[in-house]
Amino acid sequence: MMKEIEAVLVAGCMSVFLLVSCAPSYNSVKRMQKLEEGVTNPTSKEELEEAIKKYEARAMDLVLTEAQVGMWYKLLGTRYLDERMYRKAYEAFSKALLYYPDNSHLYYYIAICAGYVANSAIDYSFSKDGQEILVSPSEREKMLELSESSYIRALEIDPKYYRAMYGIGVLYVFELDQPADAIPYLERFLDTQKRDTDAMFVLARAYYQTYQFDKAVVLYDKIISINPNAEKTAEARANKKVVLDAQYTN
């Protein structure tokens, strides 16, 4: 009987020994986790290098994916813009801006879309569920302010962005009734785009509205000399006569 008890005790002790000796320690568990999951809290130079090697490719994949999503939103916006779906285009470009916050082209497109949305928002707009709703004049003003600030931001990022110069010039002259603010932008635009008669018409109008009649006449004469087409040349002649008449009566 004693031998049987001793045998059981020996077997029990062996089991306990095997259980204790085979059970992983805390440190060994942490080492296994590091092997399986990578370095979670790297501190040493070696651990930092190991962590970078392990996750650099994964991080690059994420960056490329995010970049691609931003490009898709920009492409979607241009498609909506081509179809003259300006509100949809504005929403797409705004989402693209979340991925590319320093992209001057996105601000330019947002400015264009906001301007069109402002004009279409005079009488109506649409809610999220597609129901037609009235829009207050304050929303139109808000979109015009957004258009202005977006043009300005585009030019802050790229001071030589001549399309934004022309866009904000048109906005100031025809939408915001601020012709004096338009003049420096349009003059800078024509410094490089010297034969753009559309910009000349806008700048000449700004000169006329600010009583700079001589400068307006010079621009109309330049348009006439360029002679872009019969319609524009005739318009320049007619506008020149209006300016001269105003000059003589003031």
# chains A, B, ... in the order shown; residues from 1 in each chain; ligands from 1
$ residues_around --residues "stretch 217-219 of chain A" --least-positions-apart "6" --cutoff "9 Å" --atoms "only C-alpha atoms" --output "PDB file with all heavy atoms, in the first residue's frame"
ATOM      1  N   THR A 197      -8.400  88.281 -74.593  1.00  0.00           N
ATOM      2  CA  THR A 197      -9.362  89.376 -74.731  1.00  0.00           C
ATOM      3  C   THR A 197     -10.524  89.261 -73.738  1.00  0.00           C
ATOM      4  O   THR A 197     -11.123  90.281 -73.387  1.00  0.00           O
ATOM      5  CB  THR A 197      -9.911  89.425 -76.169  1.00  0.00           C
ATOM      6  OG1 THR A 197     -10.457  88.150 -76.525  1.00  0.00           O
ATOM      7  CG2 THR A 197      -8.803  89.802 -77.146  1.00  0.00           C
ATOM      8  N   MET A 200      -9.424  91.058 -70.823  1.00  0.00           N
ATOM      9  CA  MET A 200      -9.387  92.486 -71.138  1.00  0.00           C
ATOM     10  C   MET A 200     -10.776  93.113 -71.002  1.00  0.00           C
ATOM     11  O   MET A 200     -10.916  94.232 -70.493  1.00  0.00           O
ATOM     12  CB  MET A 200      -8.858  92.704 -72.556  1.00  0.00           C
ATOM     13  CG  MET A 200      -7.388  92.382 -72.716  1.00  0.00           C
ATOM     14  SD  MET A 200      -6.851  92.622 -74.446  1.00  0.00           S
ATOM     15  CE  MET A 200      -5.269  91.783 -74.416  1.00  0.00           C
ATOM     16  N   PHE A 201     -11.789  92.401 -71.458  1.00  0.00           N
ATOM     17  CA  PHE A 201     -13.154  92.907 -71.320  1.00  0.00           C
ATOM     18  C   PHE A 201     -13.509  93.094 -69.844  1.00  0.00           C
ATOM     19  O   PHE A 201     -14.108  94.115 -69.456  1.00  0.00           O
ATOM     20  CB  PHE A 201     -14.150  91.947 -71.973  1.00  0.00           C
ATOM     21  CG  PHE A 201     -14.391  92.195 -73.433  1.00  0.00           C
ATOM     22  CD1 PHE A 201     -13.932  91.302 -74.384  1.00  0.00           C
ATOM     23  CD2 PHE A 201     -15.088  93.323 -73.857  1.00  0.00           C
ATOM     24  CE1 PHE A 201     -14.162  91.517 -75.746  1.00  0.00           C
ATOM     25  CE2 PHE A 201     -15.321  93.554 -75.203  1.00  0.00           C
ATOM     26  CZ  PHE A 201     -14.851  92.654 -76.152  1.00  0.00           C
ATOM     27  N   LEU A 203     -11.460  93.453 -67.224  1.00  0.00           N
ATOM     28  CA  LEU A 203     -10.659  94.524 -66.625  1.00  0.00           C
ATOM     29  C   LEU A 203     -11.132  95.895 -67.106  1.00  0.00           C
ATOM     30  O   LEU A 203     -11.194  96.854 -66.313  1.00  0.00           O
ATOM     31  CB  LEU A 203      -9.179  94.322 -66.954  1.00  0.00           C
ATOM     32  CG  LEU A 203      -8.203  95.360 -66.382  1.00  0.00           C
ATOM     33  CD1 LEU A 203      -8.363  95.493 -64.875  1.00  0.00           C
ATOM     34  CD2 LEU A 203      -6.770  95.013 -66.755  1.00  0.00           C
ATOM     35  N   ALA A 204     -11.462  96.001 -68.384  1.00  0.00           N
ATOM     36  CA  ALA A 204     -11.968  97.278 -68.904  1.00  0.00           C
ATOM     37  C   ALA A 204     -13.254  97.671 -68.188  1.00  0.00           C
ATOM     38  O   ALA A 204     -13.471  98.852 -67.873  1.00  0.00           O
ATOM     39  CB  ALA A 204     -12.202  97.174 -70.408  1.00  0.00           C
ATOM     40  N   TYR A 208     -13.895 100.973 -65.946  1.00  0.00           N
ATOM     41  CA  TYR A 208     -15.054 101.842 -66.196  1.00  0.00           C
ATOM     42  C   TYR A 208     -15.840 102.080 -64.912  1.00  0.00           C
ATOM     43  O   TYR A 208     -16.232 103.214 -64.608  1.00  0.00           O
ATOM     44  CB  TYR A 208     -15.940 101.204 -67.263  1.00  0.00           C
ATOM     45  CG  TYR A 208     -17.275 101.890 -67.457  1.00  0.00           C
ATOM     46  CD1 TYR A 208     -17.365 103.118 -68.101  1.00  0.00           C
ATOM     47  CD2 TYR A 208     -18.448 101.287 -67.000  1.00  0.00           C
ATOM     48  CE1 TYR A 208     -18.590 103.749 -68.274  1.00  0.00           C
ATOM     49  CE2 TYR A 208     -19.677 101.902 -67.176  1.00  0.00           C
ATOM     50  CZ  TYR A 208     -19.743 103.129 -67.804  1.00  0.00           C
ATOM     51  OH  TYR A 208     -20.964 103.759 -67.973  1.00  0.00           O
ATOM     52  N   ALA A 236     -16.277  95.523 -78.450  1.00  0.00           N
ATOM     53  CA  ALA A 236     -15.240  96.428 -77.940  1.00  0.00           C
ATOM     54  C   ALA A 236     -15.470  97.850 -78.442  1.00  0.00           C
ATOM     55  O   ALA A 236     -15.308  98.828 -77.697  1.00  0.00           O
ATOM     56  CB  ALA A 236     -13.858  95.926 -78.342  1.00  0.00           C
ATOM     57  N   ASN A 239     -18.473  99.285 -76.555  1.00  0.00           N
ATOM     58  CA  ASN A 239     -18.125  99.600 -75.169  1.00  0.00           C
ATOM     59  C   ASN A 239     -17.224 100.835 -75.089  1.00  0.00           C
ATOM     60  O   ASN A 239     -17.345 101.649 -74.167  1.00  0.00           O
ATOM     61  CB  ASN A 239     -17.433  98.405 -74.516  1.00  0.00           C
ATOM     62  CG  ASN A 239     -18.381  97.247 -74.249  1.00  0.00           C
ATOM     63  OD1 ASN A 239     -19.590  97.382 -74.406  1.00  0.00           O
ATOM     64  ND2 ASN A 239     -17.834  96.106 -73.855  1.00  0.00           N
ATOM     65  N   LYS A 240     -16.325 100.957 -76.051  1.00  0.00           N
ATOM     66  CA  LYS A 240     -15.441 102.122 -76.084  1.00  0.00           C
ATOM     67  C   LYS A 240     -16.257 103.403 -76.215  1.00  0.00           C
ATOM     68  O   LYS A 240     -15.968 104.412 -75.533  1.00  0.00           O
ATOM     69  CB  LYS A 240     -14.452 102.001 -77.236  1.00  0.00           C
ATOM     70  CG  LYS A 240     -13.532 103.203 -77.370  1.00  0.00           C
ATOM     71  CD  LYS A 240     -12.609 103.066 -78.577  1.00  0.00           C
ATOM     72  CE  LYS A 240     -11.780 104.326 -78.779  1.00  0.00           C
ATOM     73  NZ  LYS A 240     -10.879 104.210 -79.973  1.00  0.00           N
ATOM     74  N   LYS A 241     -17.283 103.378 -77.045  1.00  0.00           N
ATOM     75  CA  LYS A 241     -18.129 104.555 -77.220  1.00  0.00           C
ATOM     76  C   LYS A 241     -18.848 104.912 -75.914  1.00  0.00           C
ATOM     77  O   LYS A 241     -18.960 106.094 -75.548  1.00  0.00           O
ATOM     78  CB  LYS A 241     -19.155 104.292 -78.319  1.00  0.00           C
ATOM     79  CG  LYS A 241     -20.039 105.492 -78.633  1.00  0.00           C
ATOM     80  CD  LYS A 241     -20.992 105.189 -79.758  1.00  0.00           C
ATOM     81  CE  LYS A 241     -21.805 106.426 -80.133  1.00  0.00           C
ATOM     82  NZ  LYS A 241     -22.509 107.061 -78.989  1.00  0.00           N
ATOM     83  N   VAL A 243     -17.803 104.296 -72.904  1.00  0.00           N
ATOM     84  CA  VAL A 243     -16.798 104.859 -71.976  1.00  0.00           C
ATOM     85  C   VAL A 243     -16.492 106.305 -72.333  1.00  0.00           C
ATOM     86  O   VAL A 243     -16.413 107.177 -71.454  1.00  0.00           O
ATOM     87  CB  VAL A 243     -15.521 103.999 -71.990  1.00  0.00           C
ATOM     88  CG1 VAL A 243     -14.426 104.666 -71.169  1.00  0.00           C
ATOM     89  CG2 VAL A 243     -15.802 102.606 -71.446  1.00  0.00           C
ATOM     90  N   LEU A 244     -16.302 106.569 -73.624  1.00  0.00           N
ATOM     91  CA  LEU A 244     -15.992 107.946 -74.048  1.00  0.00           C
ATOM     92  C   LEU A 244     -17.140 108.889 -73.720  1.00  0.00           C
ATOM     93  O   LEU A 244     -16.897 110.032 -73.292  1.00  0.00           O
ATOM     94  CB  LEU A 244     -15.684 107.964 -75.541  1.00  0.00           C
ATOM     95  CG  LEU A 244     -14.358 107.291 -75.954  1.00  0.00           C
ATOM     96  CD1 LEU A 244     -14.251 107.218 -77.470  1.00  0.00           C
ATOM     97  CD2 LEU A 244     -13.166 108.059 -75.364  1.00  0.00           C
TER      98      LEU A 244
END
$ select_by_dssp --residues "stretch 85-217 of chain A" --states "strand (DSSP E)" --output "list in words"
Ser125, Phe126, Glu132 and Ile133 of chain A
$ write_last_selection --atoms "C-alpha atoms" --output "PDB file, in the first residue's frame"
ATOM      1  CA  SER A 125     -31.912  73.967 -54.039  1.00  0.00           C
ATOM      2  CA  PHE A 126     -32.371  70.335 -52.984  1.00  0.00           C
ATOM      3  CA  GLU A 132     -36.908  70.778 -53.524  1.00  0.00           C
ATOM      4  CA  ILE A 133     -36.541  73.455 -50.867  1.00  0.00           C
TER       5      ILE A 133
END
$ atom_distance --atom1 "atom CA of A:Leu186" --atom2 "atom CA of A:Gln212"
14.6 Å
$ closest_residue --among "A:Val173, A:Met143, A:Met71, A:Leu106" --to "A:Gln209" --atoms "only C-alpha atoms"
A:Val173
$ residues_around --residues "stretch 151-168 of chain A" --least-positions-apart "2" --cutoff "7 Å" --atoms "only C-alpha atoms" --output "NGL selection string"
:A and (102 or 104-105 or 107-108 or 111 or 147-149 or 170-172 or 182 or 185-186 or 189 or 199)
